[in-house]
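S.K.: Handing over final26.cif, mmCIF, C-alpha atoms and all ligand atoms.
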```cif
data_run
loop_
_atom_site.label_atom_id
_atom_site.label_comp_id
_atom_site.auth_asym_id
_atom_site.auth_seq_id
_atom_site.Cartn_x
_atom_site.Cartn_y
_atom_site.Cartn_z
CA MET A 1 13.53 11.38 4.70
CA ASN A 2 11.96 10.98 8.13
CA ALA A 3 9.37 13.58 7.22
CA ALA A 4 8.40 11.69 4.06
CA TYR A 5 8.21 8.35 5.88
CA GLU A 6 6.16 9.83 8.69
CA PHE A 7 3.80 11.45 6.22
CA VAL A 8 3.14 8.26 4.25
CA THR A 9 2.77 6.10 7.39
CA GLY A 10 0.67 8.76 9.10
CA PRO A 11 -1.86 11.08 7.39
CA LEU A 12 -1.62 9.35 3.99
CA ALA A 13 -2.23 5.91 5.53
CA TRP A 14 -5.34 7.21 7.34
CA LEU A 15 -6.58 8.72 4.09
CA ALA A 16 -6.01 5.50 2.10
CA TRP A 17 -7.75 3.30 4.68
CA GLY A 18 -10.57 5.82 4.95
CA ILE A 19 -11.17 5.86 1.20
CA PHE A 20 -10.98 2.06 1.07
CA LEU A 21 -13.46 1.41 3.91
CA LEU A 22 -15.90 4.28 3.38
CA GLY A 23 -15.64 3.97 -0.40
CA SER A 24 -16.44 0.26 -0.27
CA ALA A 25 -19.41 0.86 2.01
CA TYR A 26 -20.65 3.58 -0.33
CA ARG A 27 -20.28 1.41 -3.44
CA LEU A 28 -22.20 -1.43 -1.79
CA TYR A 29 -24.94 0.92 -0.63
CA SER A 30 -25.36 2.63 -4.01
CA MET A 31 -25.30 -0.71 -5.83
CA TYR A 32 -28.06 -1.94 -3.51
CA GLN A 33 -30.12 1.18 -4.23
CA LEU A 34 -29.61 0.67 -7.96
CA ALA A 35 -30.66 -2.97 -7.71
CA LEU A 36 -33.83 -2.00 -5.85
CA LYS A 37 -34.68 0.54 -8.52
CA LYS A 38 -33.79 -1.43 -11.63
CA ASP A 39 -34.27 -5.01 -10.66
CA ALA A 40 -36.43 -5.25 -7.55
CA PRO A 41 -37.54 -8.86 -8.13
CA SER A 42 -33.97 -10.12 -7.98
CA VAL A 43 -33.53 -8.50 -4.58
CA SER A 44 -36.59 -10.32 -3.30
CA PHE A 45 -35.45 -13.75 -4.44
CA MET A 46 -31.98 -13.37 -2.82
CA ASP A 47 -31.63 -16.42 -0.62
CA LEU A 48 -28.95 -16.93 2.00
CA GLY A 49 -28.83 -20.71 1.57
CA PHE A 50 -28.49 -20.66 -2.22
CA SER A 51 -25.99 -17.78 -1.93
CA LEU A 52 -23.70 -19.60 0.48
CA ARG A 53 -24.07 -22.80 -1.54
CA SER A 54 -22.80 -21.06 -4.66
CA ILE A 55 -19.99 -19.17 -2.93
CA PHE A 56 -18.84 -22.36 -1.21
CA ASN A 57 -18.79 -24.38 -4.40
CA TRP A 58 -16.89 -21.73 -6.32
CA LEU A 59 -14.30 -21.52 -3.52
CA ILE A 60 -13.16 -25.07 -4.27
CA PRO A 61 -10.60 -25.14 -7.08
CA PHE A 62 -11.82 -27.15 -10.09
CA ASN A 63 -15.22 -27.75 -8.50
CA ALA A 64 -17.14 -25.28 -10.62
CA LEU A 65 -17.45 -25.86 -14.35
CA GLY A 66 -15.97 -22.43 -14.96
CA TRP A 67 -12.82 -23.48 -13.12
CA ARG A 68 -12.45 -26.74 -15.05
CA LYS A 69 -12.59 -24.97 -18.38
CA SER A 70 -9.19 -23.28 -18.01
CA PRO A 71 -6.90 -25.10 -15.57
CA VAL A 72 -3.93 -22.72 -15.94
CA MET A 73 -6.06 -19.68 -15.09
CA THR A 74 -7.70 -21.55 -12.21
CA VAL A 75 -4.41 -22.48 -10.56
CA THR A 76 -3.02 -19.00 -11.20
CA THR A 77 -6.11 -17.23 -9.86
CA PHE A 78 -6.31 -19.31 -6.69
CA ALA A 79 -2.57 -19.04 -5.93
CA PHE A 80 -2.66 -15.33 -6.78
CA HIS A 81 -5.59 -14.44 -4.51
CA LEU A 82 -4.38 -16.59 -1.61
CA CYS A 83 -0.94 -14.95 -1.61
CA LEU A 84 -2.36 -11.51 -2.43
CA ILE A 85 -4.41 -11.50 0.79
CA ALA A 86 -2.17 -13.58 3.08
CA VAL A 87 1.11 -11.74 2.43
CA PRO A 88 0.09 -8.20 3.37
CA VAL A 89 -2.11 -9.35 6.27
CA PHE A 90 0.42 -11.70 7.89
CA LEU A 91 3.71 -10.05 6.88
CA VAL A 92 6.14 -9.59 9.82
CA ALA A 93 6.88 -6.03 8.71
CA HIS A 94 3.18 -5.11 8.51
CA VAL A 95 2.34 -6.69 11.86
CA THR A 96 5.36 -4.93 13.39
CA LEU A 97 3.85 -1.64 12.23
CA TRP A 98 0.42 -2.52 13.71
CA THR A 99 2.28 -3.18 16.99
CA GLU A 100 4.29 0.01 16.74
CA PHE A 101 1.25 2.22 16.09
CA PHE A 102 -1.64 0.47 17.86
CA GLY A 103 -0.05 -2.19 20.10
CA ILE A 104 -1.84 -4.94 18.14
CA SER A 105 0.02 -8.15 17.35
CA TYR A 106 -0.97 -11.48 15.81
CA ALA A 107 0.35 -14.48 13.88
CA THR A 108 2.86 -13.87 11.09
CA LEU A 109 4.30 -15.73 8.10
CA PRO A 110 8.05 -16.42 8.22
CA ASP A 111 9.85 -13.83 6.07
CA ASN A 112 11.22 -16.39 3.60
CA VAL A 113 7.76 -17.89 3.04
CA ALA A 114 6.26 -14.43 2.48
CA ASP A 115 9.12 -13.71 0.10
CA ILE A 116 8.25 -16.75 -2.04
CA MET A 117 4.53 -15.93 -1.92
CA THR A 118 5.39 -12.43 -3.13
CA LEU A 119 7.14 -13.97 -6.12
CA VAL A 120 4.04 -16.13 -6.75
CA VAL A 121 1.92 -12.96 -6.94
CA LEU A 122 4.39 -11.32 -9.32
CA ALA A 123 4.51 -14.43 -11.51
CA ALA A 124 0.69 -14.56 -11.57
CA CYS A 125 0.58 -10.91 -12.65
CA LEU A 126 2.84 -11.85 -15.56
CA VAL A 127 0.51 -14.73 -16.49
CA PHE A 128 -2.51 -12.36 -16.39
CA ALA A 129 -0.67 -9.83 -18.54
CA GLY A 130 0.50 -12.52 -20.95
CA ARG A 131 -3.04 -13.84 -21.32
CA ARG A 132 -4.36 -10.38 -22.10
CA LEU A 133 -1.67 -9.92 -24.75
CA THR A 134 -1.65 -13.31 -26.42
CA GLN A 135 -5.16 -14.76 -26.23
CA LYS A 136 -7.26 -13.18 -28.94
CA GLU A 137 -10.64 -13.45 -27.24
CA VAL A 138 -9.21 -11.92 -24.05
CA ALA A 139 -7.22 -9.23 -25.86
CA TYR A 140 -10.41 -8.24 -27.68
CA ILE A 141 -12.27 -7.31 -24.50
CA THR A 142 -9.24 -5.88 -22.67
CA THR A 143 -9.39 -2.15 -22.01
CA GLY A 144 -7.19 0.39 -20.28
CA LYS A 145 -9.12 -0.25 -17.09
CA ASP A 146 -7.88 -3.84 -16.96
CA TRP A 147 -4.26 -2.75 -17.36
CA LEU A 148 -4.71 -0.08 -14.72
CA ALA A 149 -6.02 -2.62 -12.19
CA LEU A 150 -3.22 -5.05 -12.96
CA THR A 151 -0.56 -2.34 -12.60
CA ILE A 152 -2.00 -1.06 -9.33
CA VAL A 153 -1.82 -4.60 -7.89
CA THR A 154 1.67 -5.38 -9.20
CA LEU A 155 3.40 -2.28 -7.87
CA PRO A 156 3.09 -2.82 -4.08
CA PHE A 157 4.44 -6.35 -4.44
CA LEU A 158 7.30 -5.32 -6.71
CA THR A 159 8.37 -2.38 -4.54
CA GLY A 160 7.82 -4.36 -1.31
CA PHE A 161 10.08 -7.11 -2.61
CA LEU A 162 12.80 -4.65 -3.65
CA ALA A 163 12.57 -2.80 -0.34
CA TYR A 164 12.78 -6.03 1.66
CA HIS A 165 15.91 -7.05 -0.22
CA GLN A 166 17.24 -3.49 -0.04
CA VAL A 167 17.86 -3.35 -3.78
CA PHE A 168 18.38 0.23 -5.04
CA ASP A 169 18.00 3.10 -2.58
CA TYR A 170 16.16 1.63 0.43
CA GLN A 171 14.69 4.87 1.75
CA VAL A 172 13.23 5.82 -1.61
CA MET A 173 11.96 2.27 -2.21
CA ILE A 174 10.21 1.93 1.15
CA VAL A 175 8.37 5.22 0.70
CA ALA A 176 7.48 4.23 -2.89
CA HIS A 177 6.21 0.88 -1.61
CA ILE A 178 3.99 2.43 1.02
CA VAL A 179 2.57 4.92 -1.47
CA ALA A 180 1.95 2.07 -3.95
CA GLY A 181 0.17 0.06 -1.24
CA GLU A 182 -1.97 3.04 -0.31
CA ILE A 183 -2.89 3.68 -3.94
CA MET A 184 -4.03 0.06 -4.16
CA LEU A 185 -6.18 0.31 -1.03
CA ALA A 186 -7.78 3.55 -2.18
CA ALA A 187 -8.33 2.18 -5.70
CA ILE A 188 -10.22 -0.93 -4.58
CA PRO A 189 -13.70 0.66 -4.39
CA PHE A 190 -13.41 2.60 -7.63
CA THR A 191 -11.62 0.38 -10.19
CA ARG A 192 -11.85 -3.17 -11.53
CA LEU A 193 -10.50 -4.18 -8.10
CA SER A 194 -13.96 -3.49 -6.68
CA HIS A 195 -14.73 -7.13 -7.51
CA MET A 196 -13.26 -7.74 -4.05
CA VAL A 197 -16.24 -5.89 -2.60
CA PHE A 198 -18.80 -7.26 -5.04
CA ALA A 199 -17.56 -10.79 -5.72
CA ALA A 200 -19.48 -12.39 -2.87
CA PHE A 201 -22.68 -10.58 -3.93
CA THR A 202 -22.25 -11.42 -7.60
CA ARG A 203 -21.95 -15.09 -6.67
CA ALA A 204 -24.85 -14.78 -4.21
CA TYR A 205 -27.00 -13.23 -6.93
CA MET A 206 -26.17 -15.94 -9.44
CA GLY A 207 -26.59 -18.64 -6.78
CA SER A 208 -29.98 -17.33 -5.73
CA GLU A 209 -31.26 -16.95 -9.26
CA PHE A 210 -30.10 -20.40 -10.31
CA GLY A 211 -31.15 -22.04 -7.05
CA GLY A 212 -34.44 -20.29 -6.35
CA VAL A 213 -35.73 -19.43 -9.82
CA ARG A 214 -34.19 -21.82 -12.32
CA HIS A 215 -33.75 -24.67 -9.84
CA ALA A 216 -30.32 -25.42 -11.20
CA ARG A 217 -26.73 -25.31 -10.05
CA ASP A 218 -24.53 -22.40 -11.08
CA TRP A 219 -21.19 -24.18 -10.73
CA MET B 1 69.64 7.08 2.20
CA LYS B 2 69.35 3.86 0.18
CA ARG B 3 69.28 1.83 3.41
CA THR B 4 66.88 4.02 5.33
CA LEU B 5 64.03 3.95 2.82
CA PRO B 6 63.23 0.21 3.15
CA LEU B 7 63.62 0.55 6.91
CA LEU B 8 61.17 3.41 6.94
CA ILE B 9 58.69 1.41 4.88
CA LEU B 10 59.09 -1.56 7.21
CA ALA B 11 58.56 0.67 10.22
CA ALA B 12 55.48 2.22 8.65
CA LEU B 13 54.02 -1.19 7.85
CA THR B 14 54.64 -2.40 11.41
CA ILE B 15 52.89 0.60 12.88
CA VAL B 16 49.93 0.31 10.51
CA SER B 17 49.42 -3.37 11.23
CA ALA B 18 49.78 -2.78 14.97
CA LEU B 19 47.14 -0.04 14.79
CA ALA B 20 44.86 -2.31 12.76
CA THR B 21 45.20 -5.05 15.38
CA VAL B 22 44.44 -2.67 18.23
CA GLN B 23 41.43 -1.38 16.33
CA ALA B 24 40.14 -4.87 15.69
CA VAL B 25 40.49 -5.73 19.37
CA MET B 26 38.76 -2.52 20.42
CA ALA B 27 36.01 -3.00 17.87
CA GLN B 28 35.33 -6.40 19.34
CA ASP B 29 34.63 -4.82 22.70
CA ALA B 30 32.63 -1.82 21.60
CA ILE B 31 29.08 -2.41 20.40
CA THR B 32 28.50 -1.71 16.70
CA LYS B 33 25.55 -4.03 16.13
CA LEU B 34 22.85 -5.52 18.32
CA ALA B 35 22.33 -9.26 18.06
CA PRO B 36 21.34 -10.60 21.50
CA GLU B 37 21.61 -14.39 21.69
CA ALA B 38 18.15 -14.62 23.25
CA PHE B 39 16.54 -14.27 19.79
CA GLY B 40 18.31 -17.40 18.55
CA THR B 41 18.89 -17.17 14.80
CA LEU B 42 17.94 -13.65 13.76
CA THR B 43 15.39 -13.36 10.98
CA ARG B 44 16.68 -9.91 10.04
CA PRO B 45 20.21 -8.53 9.73
CA PRO B 46 21.39 -7.33 13.19
CA ALA B 47 20.45 -3.71 13.90
CA VAL B 48 23.21 -1.16 13.41
CA PHE B 49 24.04 0.56 16.70
CA VAL B 50 27.52 2.00 17.27
CA HIS B 51 26.99 2.58 20.99
CA ASP B 52 29.42 5.39 21.82
CA LYS B 53 29.32 7.16 18.47
CA HIS B 54 25.51 7.00 18.44
CA ASN B 55 25.21 8.55 21.87
CA GLU B 56 27.77 11.22 21.07
CA LYS B 57 26.05 12.19 17.84
CA ALA B 58 22.60 12.11 19.44
CA LYS B 59 23.94 14.06 22.44
CA LEU B 60 22.75 11.50 24.97
CA GLU B 61 24.83 12.08 28.06
CA GLU B 62 22.65 10.30 30.57
CA CYS B 63 22.93 6.56 30.43
CA VAL B 64 19.59 6.08 32.21
CA VAL B 65 17.68 7.32 29.16
CA CYS B 66 18.15 3.80 27.80
CA HIS B 67 19.48 1.79 30.76
CA HIS B 68 16.49 2.18 33.08
CA GLY B 69 15.67 -0.05 36.01
CA GLY B 70 12.52 -1.47 37.50
CA SER B 71 10.92 -4.68 38.68
CA ASP B 72 7.54 -6.33 39.18
CA GLY B 73 6.10 -4.72 36.08
CA LYS B 74 7.02 -1.16 37.14
CA ILE B 75 9.65 0.81 35.24
CA ASP B 76 12.06 2.89 37.33
CA LYS B 77 13.30 5.72 35.15
CA SER B 78 15.81 6.99 37.68
CA ALA B 79 17.67 3.76 38.49
CA SER B 80 20.54 3.41 36.03
CA THR B 81 21.39 -0.16 34.98
CA GLU B 82 24.11 0.32 32.33
CA GLY B 83 25.89 -2.93 31.57
CA THR B 84 22.77 -5.02 32.27
CA PRO B 85 21.50 -6.43 28.95
CA CYS B 86 17.85 -5.61 28.20
CA VAL B 87 17.04 -9.33 28.08
CA GLU B 88 17.65 -9.61 31.84
CA CYS B 89 14.29 -7.91 32.34
CA HIS B 90 12.64 -8.22 28.91
CA LYS B 91 12.09 -11.82 27.86
CA VAL B 92 11.52 -12.80 24.23
CA LYS B 93 8.20 -14.36 25.29
CA PRO B 94 7.21 -12.81 28.63
CA ALA B 95 4.23 -13.87 30.70
CA GLY B 96 1.32 -11.45 30.71
CA LYS B 97 1.47 -7.90 29.38
CA ALA B 98 5.16 -7.20 30.05
CA THR B 99 7.09 -5.58 27.18
CA ASN B 100 8.80 -8.32 25.15
CA LEU B 101 12.41 -8.01 24.00
CA LYS B 102 11.73 -7.08 20.37
CA ARG B 103 9.13 -4.55 21.41
CA ALA B 104 11.44 -3.10 24.08
CA TYR B 105 14.16 -2.37 21.51
CA HIS B 106 11.76 -1.14 18.86
CA LYS B 107 9.81 1.11 21.22
CA GLN B 108 12.87 2.61 22.86
CA CYS B 109 14.80 3.24 19.63
CA ILE B 110 11.94 4.30 17.33
CA ASP B 111 9.98 6.41 19.83
CA CYS B 112 13.01 8.60 20.47
CA HIS B 113 13.87 8.94 16.77
CA ARG B 114 10.27 9.96 16.12
CA ALA B 115 10.28 12.46 18.97
CA LYS B 116 13.62 14.00 17.90
CA GLY B 117 12.77 13.96 14.19
CA LYS B 118 16.20 12.35 13.60
CA GLY B 119 17.45 8.77 13.40
CA PRO B 120 16.05 5.75 11.54
CA LEU B 121 12.35 4.76 11.54
CA ALA B 122 12.03 2.19 8.71
CA CYS B 123 13.07 -1.47 9.07
CA GLY B 124 15.94 -1.48 6.60
CA GLN B 125 17.59 1.64 8.02
CA CYS B 126 18.44 -0.30 11.20
CA HIS B 127 18.42 -3.88 9.86
CA LYS B 128 20.92 -3.10 7.10
CA ARG B 129 21.86 -5.90 4.72
C1 LIG A 301 -0.50 1.30 4.39
C2 LIG A 301 0.26 0.84 3.49
C3 LIG A 301 1.53 -0.03 3.70
C4 LIG A 301 2.60 0.13 4.53
C5 LIG A 301 2.79 1.22 5.57
C6 LIG A 301 3.54 -0.95 4.25
C7 LIG A 301 4.77 -1.15 4.85
C8 LIG A 301 5.70 -2.15 4.53
C9 LIG A 301 6.99 -2.31 5.14
C10 LIG A 301 7.57 -1.44 6.22
C11 LIG A 301 7.59 -3.40 4.54
C12 LIG A 301 8.93 -3.99 4.90
C13 LIG A 301 10.05 -3.54 4.08
C14 LIG A 301 11.32 -4.08 4.68
O1 LIG A 301 11.35 -5.23 5.18
O2 LIG A 301 12.29 -3.34 4.67
C15 LIG A 301 6.68 -3.91 3.58
C16 LIG A 301 6.94 -5.01 2.76
C17 LIG A 301 6.04 -5.55 1.89
N1 LIG A 301 4.73 -5.11 1.71
FE1 LIG A 301 3.88 -3.45 2.51
N2 LIG A 301 3.00 -1.75 3.30
C18 LIG A 301 1.77 -1.23 2.94
C19 LIG A 301 0.88 -1.75 2.04
C20 LIG A 301 1.07 -2.92 1.36
C21 LIG A 301 0.09 -3.50 0.48
C22 LIG A 301 -1.30 -2.92 0.22
C23 LIG A 301 0.66 -4.63 -0.05
C24 LIG A 301 0.13 -5.61 -1.03
C25 LIG A 301 -1.09 -5.80 -1.35
C26 LIG A 301 1.98 -4.77 0.53
C27 LIG A 301 2.85 -5.80 0.25
C28 LIG A 301 4.14 -5.92 0.75
C29 LIG A 301 5.09 -6.92 0.31
C30 LIG A 301 4.80 -8.00 -0.72
C31 LIG A 301 6.29 -6.69 1.03
C32 LIG A 301 7.61 -7.47 0.90
C33 LIG A 301 7.53 -8.87 1.43
C34 LIG A 301 8.70 -9.73 1.05
O3 LIG A 301 9.17 -9.72 -0.09
O4 LIG A 301 9.16 -10.47 1.93
N3 LIG A 301 2.20 -3.71 1.39
N4 LIG A 301 5.53 -3.15 3.59
C1 LIG A 302 -11.57 -11.53 -1.64
C2 LIG A 302 -12.38 -11.59 -2.63
C3 LIG A 302 -11.95 -11.75 -4.07
C4 LIG A 302 -12.53 -12.63 -4.94
C5 LIG A 302 -13.63 -13.62 -4.58
C6 LIG A 302 -11.93 -12.45 -6.23
C7 LIG A 302 -12.27 -13.15 -7.38
C8 LIG A 302 -11.67 -13.04 -8.61
C9 LIG A 302 -12.03 -13.79 -9.79
C10 LIG A 302 -13.10 -14.82 -9.84
C11 LIG A 302 -11.19 -13.40 -10.79
C12 LIG A 302 -11.22 -13.86 -12.22
C13 LIG A 302 -10.15 -14.88 -12.49
C14 LIG A 302 -10.12 -15.30 -13.94
O1 LIG A 302 -10.01 -14.42 -14.82
O2 LIG A 302 -10.20 -16.52 -14.16
C15 LIG A 302 -10.29 -12.41 -10.26
C16 LIG A 302 -9.28 -11.78 -10.98
C17 LIG A 302 -8.42 -10.82 -10.44
N1 LIG A 302 -8.47 -10.28 -9.16
FE1 LIG A 302 -9.71 -10.88 -7.68
N2 LIG A 302 -10.95 -11.47 -6.14
C18 LIG A 302 -10.94 -11.02 -4.84
C19 LIG A 302 -10.09 -10.05 -4.32
C20 LIG A 302 -9.13 -9.35 -5.04
C21 LIG A 302 -8.31 -8.30 -4.51
C22 LIG A 302 -8.34 -7.78 -3.07
C23 LIG A 302 -7.51 -7.88 -5.54
C24 LIG A 302 -6.47 -6.77 -5.55
C25 LIG A 302 -6.52 -5.73 -4.84
C26 LIG A 302 -7.81 -8.67 -6.71
C27 LIG A 302 -7.20 -8.55 -7.94
C28 LIG A 302 -7.47 -9.32 -9.05
C29 LIG A 302 -6.76 -9.25 -10.31
C30 LIG A 302 -5.60 -8.31 -10.63
C31 LIG A 302 -7.34 -10.20 -11.18
C32 LIG A 302 -6.90 -10.59 -12.58
C33 LIG A 302 -7.25 -9.62 -13.63
C34 LIG A 302 -6.75 -10.06 -14.99
O3 LIG A 302 -7.15 -11.14 -15.46
O4 LIG A 302 -5.97 -9.31 -15.57
N3 LIG A 302 -8.81 -9.56 -6.36
N4 LIG A 302 -10.62 -12.18 -8.92
#
```
Just dump the structure as structure tokens.

M.R.:
Amino acid sequence: MNAAYEFVTGPLAWLAWGIFLLGSAYRLYSMYQLALKKDAPSVSFMDLGFSLRSIFNWLIPFNALGWRKSPVMTVTTFAFHLCLIAVPVFLVAHVTLWTEFFGISYATLPDNVADIMTLVVLAACLVFAGRRLTQKEVAYITTGKDWLALTIVTLPFLTGFLAYHQVFDYQVMIVAHIVAGEIMLAAIPFTRLSHMVFAAFTRAYMGSEFGGVRHARDW
Amino acid sequence: MKRTLPLLILAALTIVSALATVQAVMAQDAITKLAPEAFGTLTRPPAVFVHDKHNEKAKLEECVVCHHGGSDGKIDKSASTEGTPCVECHKVKPAGKATNLKRAYHKQCIDCHRAKGKGPLACGQCHKR
């Protein structure tokens, strides 16, 4: 068991982080090249002010028109993304590992708070899945890729929760959790999850076009 | 014969309960878990550590491997300090770069398990619920 744990927290972790960081950089670079080739004018009217204006306005729940249209999804999406980022970054267990391996330590969330936030993520995943199953217009455009992304995100939280509470065999669960987390990291650049990398640029693009070309607001 | 059987049972029960009491008293003395008061309320279940059995199984004859000495920020790996709790020298929130209490336990325990390729490495193997 030690060998498995050391493998997934050692070489495999390096690999996953490497794919995540280099892969994201590559995707951004190749998207930029593509934009230059296919849509050079849009690159030239990109404007930092309009970009930040759009990003800022979309970051406020219910501020943008798109958010007001579906309140349930808006609340779910905001709660989901907040917990999704905050839990793994500020989890005591994760920070303990950063300390163990690199001597780095920083602020953490209390375990019971992180536990509840984990449940919020899992509940949100259920809402997303439910929406894709029950709402006709969403079900219509749902493909395997959407289910893949949703599954990849759900698994680290589910296995992390079970490992923390030591339900089922702990040693198997903790290794499964770490592998699930690493799959998620490595999948970010190459699946639907790449919206993490592109989201800011998508908004910036829309913001610049609406602000600089159409002289309108995009929220 | 009819009289001796109940007597034998009574005697057996007395011995068993006496042994159980002795064991309970001994178990109170010997360390089986680590839960130093300095942490206040623990956020995790106390770490499993059956002191004597652990050291026997891990073949650790020298106490100084864990009970080192030192002062003024310098560790002294030859001065044995068995019986002195780690918290005497490792505060929960020390000033400066000194090793804090949680880190002291984690580093000492996990580094050796890693080096020997035996013994727990993951949180829940030590902090058992
Ligand atoms: C490099 C990959 C990762 C490693 C080495 C790792 C390691 C760990 C460890 C050791 C625990 C504690 C288990 C316990 O307390 O016994 C844990 C818990 C957890 N991890 Fe990870 N993890 C990784 C990636 C991730 C990722 C990518 C996510 C989510 C996006 C995640 C979410 C969680 C959650 C939600 C918990 C449980 C928190 C709770 O219910 O209180 N982990 N992880
Ligand atoms: C940090 C930048 C991020 C931004 C700005 C962002 C933005 C968004 C937006 C706007 C949506 C659409 C919500 C809706 O349908 O109403 C969404 C959905 C989603 N995001 Fe993100 N996201 C980010 C990061 C991430 C990350 C890191 C992950 C996981 C690794 C993730 C996973 C998801 C999932 C699973 C959905 C829902 C998919 C579904 O409807 O089935 N996001 N995100």

S.K.: Which residues are near Leu48 of chain A? Cut-off 10 Å, all atoms listed in the file, ignore same chain within fewer than 3 positions. Put them as a list of chain:residue names.

M.R.: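 The contact residues come out as A:Phe45, A:Ser51, A:Leu52, A:Arg53, A:Ser54, A:Ala204, A:Tyr205, A:Gly207, A:Ser208.
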
S.K.: For Ile188 of chain A, which residue among A:Trp67, A:Phe210, A:Phe20, A:Tyr26 is the nearest when counting all atoms listed in the file?

M.R.: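 Closest residue, counting all atoms listed in the file: A:Phe20.
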
S.K.: Give me, as a list in words, the residues of chain A touching chain B, with the criterion being at most 10 Å (counting all atoms listed in the file).

M.R.: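 Filtering chain A at 10 Å from chain B with all atoms listed in the file gives Met1, Asn2, Ala3, Tyr5, Glu6, Ala93, Thr96, Leu97, Thr99, Glu100, Gly103, Pro110, Asp111, Asn112, Ala163, Tyr164, His165, Gln166, Val167, Tyr170, Gln171, Ile174 and Val175 of chain A.
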
S.K.: Tell me which protein, DNA and RNA residues are within 12 Å of His94 of chain A, counting only C-alpha atoms, leaving out same-chain ones fewer than 4 positions away, and put them as a PDB file with C-alpha atoms, keeping the file's coordinate frame.

M.R.:
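The new file out-v7.pdb reads:
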```pdb
ATOM      1  CA  THR A   9       2.770   6.100   7.390  1.00  0.00           C
ATOM      2  CA  ALA A  86      -2.170 -13.580   3.080  1.00  0.00           C
ATOM      3  CA  VAL A  87       1.110 -11.740   2.430  1.00  0.00           C
ATOM      4  CA  PRO A  88       0.090  -8.200   3.370  1.00  0.00           C
ATOM      5  CA  VAL A  89      -2.110  -9.350   6.270  1.00  0.00           C
ATOM      6  CA  PHE A  90       0.420 -11.700   7.890  1.00  0.00           C
ATOM      7  CA  TRP A  98       0.420  -2.520  13.710  1.00  0.00           C
ATOM      8  CA  THR A  99       2.280  -3.180  16.990  1.00  0.00           C
ATOM      9  CA  GLU A 100       4.290   0.010  16.740  1.00  0.00           C
ATOM     10  CA  PHE A 101       1.250   2.220  16.090  1.00  0.00           C
ATOM     11  CA  PHE A 102      -1.640   0.470  17.860  1.00  0.00           C
ATOM     12  CA  ILE A 104      -1.840  -4.940  18.140  1.00  0.00           C
ATOM     13  CA  SER A 105       0.020  -8.150  17.350  1.00  0.00           C
ATOM     14  CA  TYR A 106      -0.970 -11.480  15.810  1.00  0.00           C
ATOM     15  CA  ALA A 107       0.350 -14.480  13.880  1.00  0.00           C
ATOM     16  CA  THR A 108       2.860 -13.870  11.090  1.00  0.00           C
ATOM     17  CA  LEU A 109       4.300 -15.730   8.100  1.00  0.00           C
ATOM     18  CA  ASP A 111       9.850 -13.830   6.070  1.00  0.00           C
ATOM     19  CA  ALA A 114       6.260 -14.430   2.480  1.00  0.00           C
ATOM     20  CA  GLY A 160       7.820  -4.360  -1.310  1.00  0.00           C
ATOM     21  CA  TYR A 164      12.780  -6.030   1.660  1.00  0.00           C
ATOM     22  CA  ILE A 178       3.990   2.430   1.020  1.00  0.00           C
ATOM     23  CA  GLY A 181       0.170   0.060  -1.240  1.00  0.00           C
TER      24      GLY A 181
ATOM     25  CA  ALA B 122      12.030   2.190   8.710  1.00  0.00           C
ATOM     26  CA  CYS B 123      13.070  -1.470   9.070  1.00  0.00           C
TER      27      CYS B 123
END
```

S.K.: Please compute the atom CA of His51 of chain B-atom C13 of ligand LIG 301 (chain A) distance, one decimal, in Å.

M.R.: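 Those two atoms sit 24.7 Å apart.
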
S.K.: Can you tell me which residues surround His54 of chain B at a distance of at most 12 Å, considering only C-alpha atoms, apart from same-chain residues fewer than 3 positions away, and format the answer as a list in words?

M.R.: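 Using only C-alpha atoms, the neighbours found are Ala30, Ile31, Thr32, Lys33, Val48, Phe49, Val50, His51, Lys57, Ala58, Lys59, Leu60, Glu61, Cys109, His113, Lys118, Gly119 and Pro120 of chain B.
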
S.K.: Which residue gives the smallest distance to ligand LIG 301 (chain A) among A:Ala13, A:Val75, A:Val138, A:Ala186, with only C-alpha atoms and all ligand atoms counted?

M.R.: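 Among the listed residues, the smallest separation from ligand LIG 301 (chain A) belongs to A:Ala13.
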
S.K.: Would you list the residues that come within 6 Å of ligand LIG 302 (chain A)? Count all atoms listed in the file and give the answer as a list of chain:residue names.

M.R.: A:Met73, A:Thr74, A:Thr77, A:Phe128, A:Asp146, A:Ala149, A:Leu150, A:Val153, A:Leu193, A:His195, A:Met196, A:Ala199

S.K.: Near Cys86 of chain B, within 10 Å and counting all atoms listed in the file, which residues show up once chain neighbours fewer than 6 positions away are dropped, as a ChimeraX atom specification?

M.R.: /B:36,66-69,100-101,104-105

S.K.: Let me have the centre and edge lengths of the axis-aligned box enclosing all listed atoms of ligand LIG 301 (chain A) with 5 Å padding on every side, in Å to one decimal, as lines of an AutoDock Vina configuration file.

M.R.:
```
center_x = 5.5
center_y = -4.6
center_z = 2.4
size_x = 23.6
size_y = 21.8
size_z = 17.6
```

S.K.: I'd like to know which of B:Lys93, B:Val65, B:Gly73, B:Pro45 is closest to ligand LIG 301 (chain A), using all atoms listed in the file.

M.R.: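 Checking each candidate against ligand LIG 301 (chain A), we get B:Pro45 as the closest.
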
S.K.: Quote the spacing between atom C24 of ligand LIG 301 (chain A) and atom CA of Pro156 of chain A in Å to one decimal place.

M.R.: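 Result for atom C24 of ligand LIG 301 (chain A) versus atom CA of Pro156 of chain A: 5.1 Å, one decimal.
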
S.K.: Work out how far atom N4 of ligand LIG 301 (chain A) is from atom CA of Val127 of chain A, in Å to one decimal.

M.R.: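 Result for atom CA of Val127 of chain A versus atom N4 of ligand LIG 301 (chain A): 23.7 Å, one decimal.
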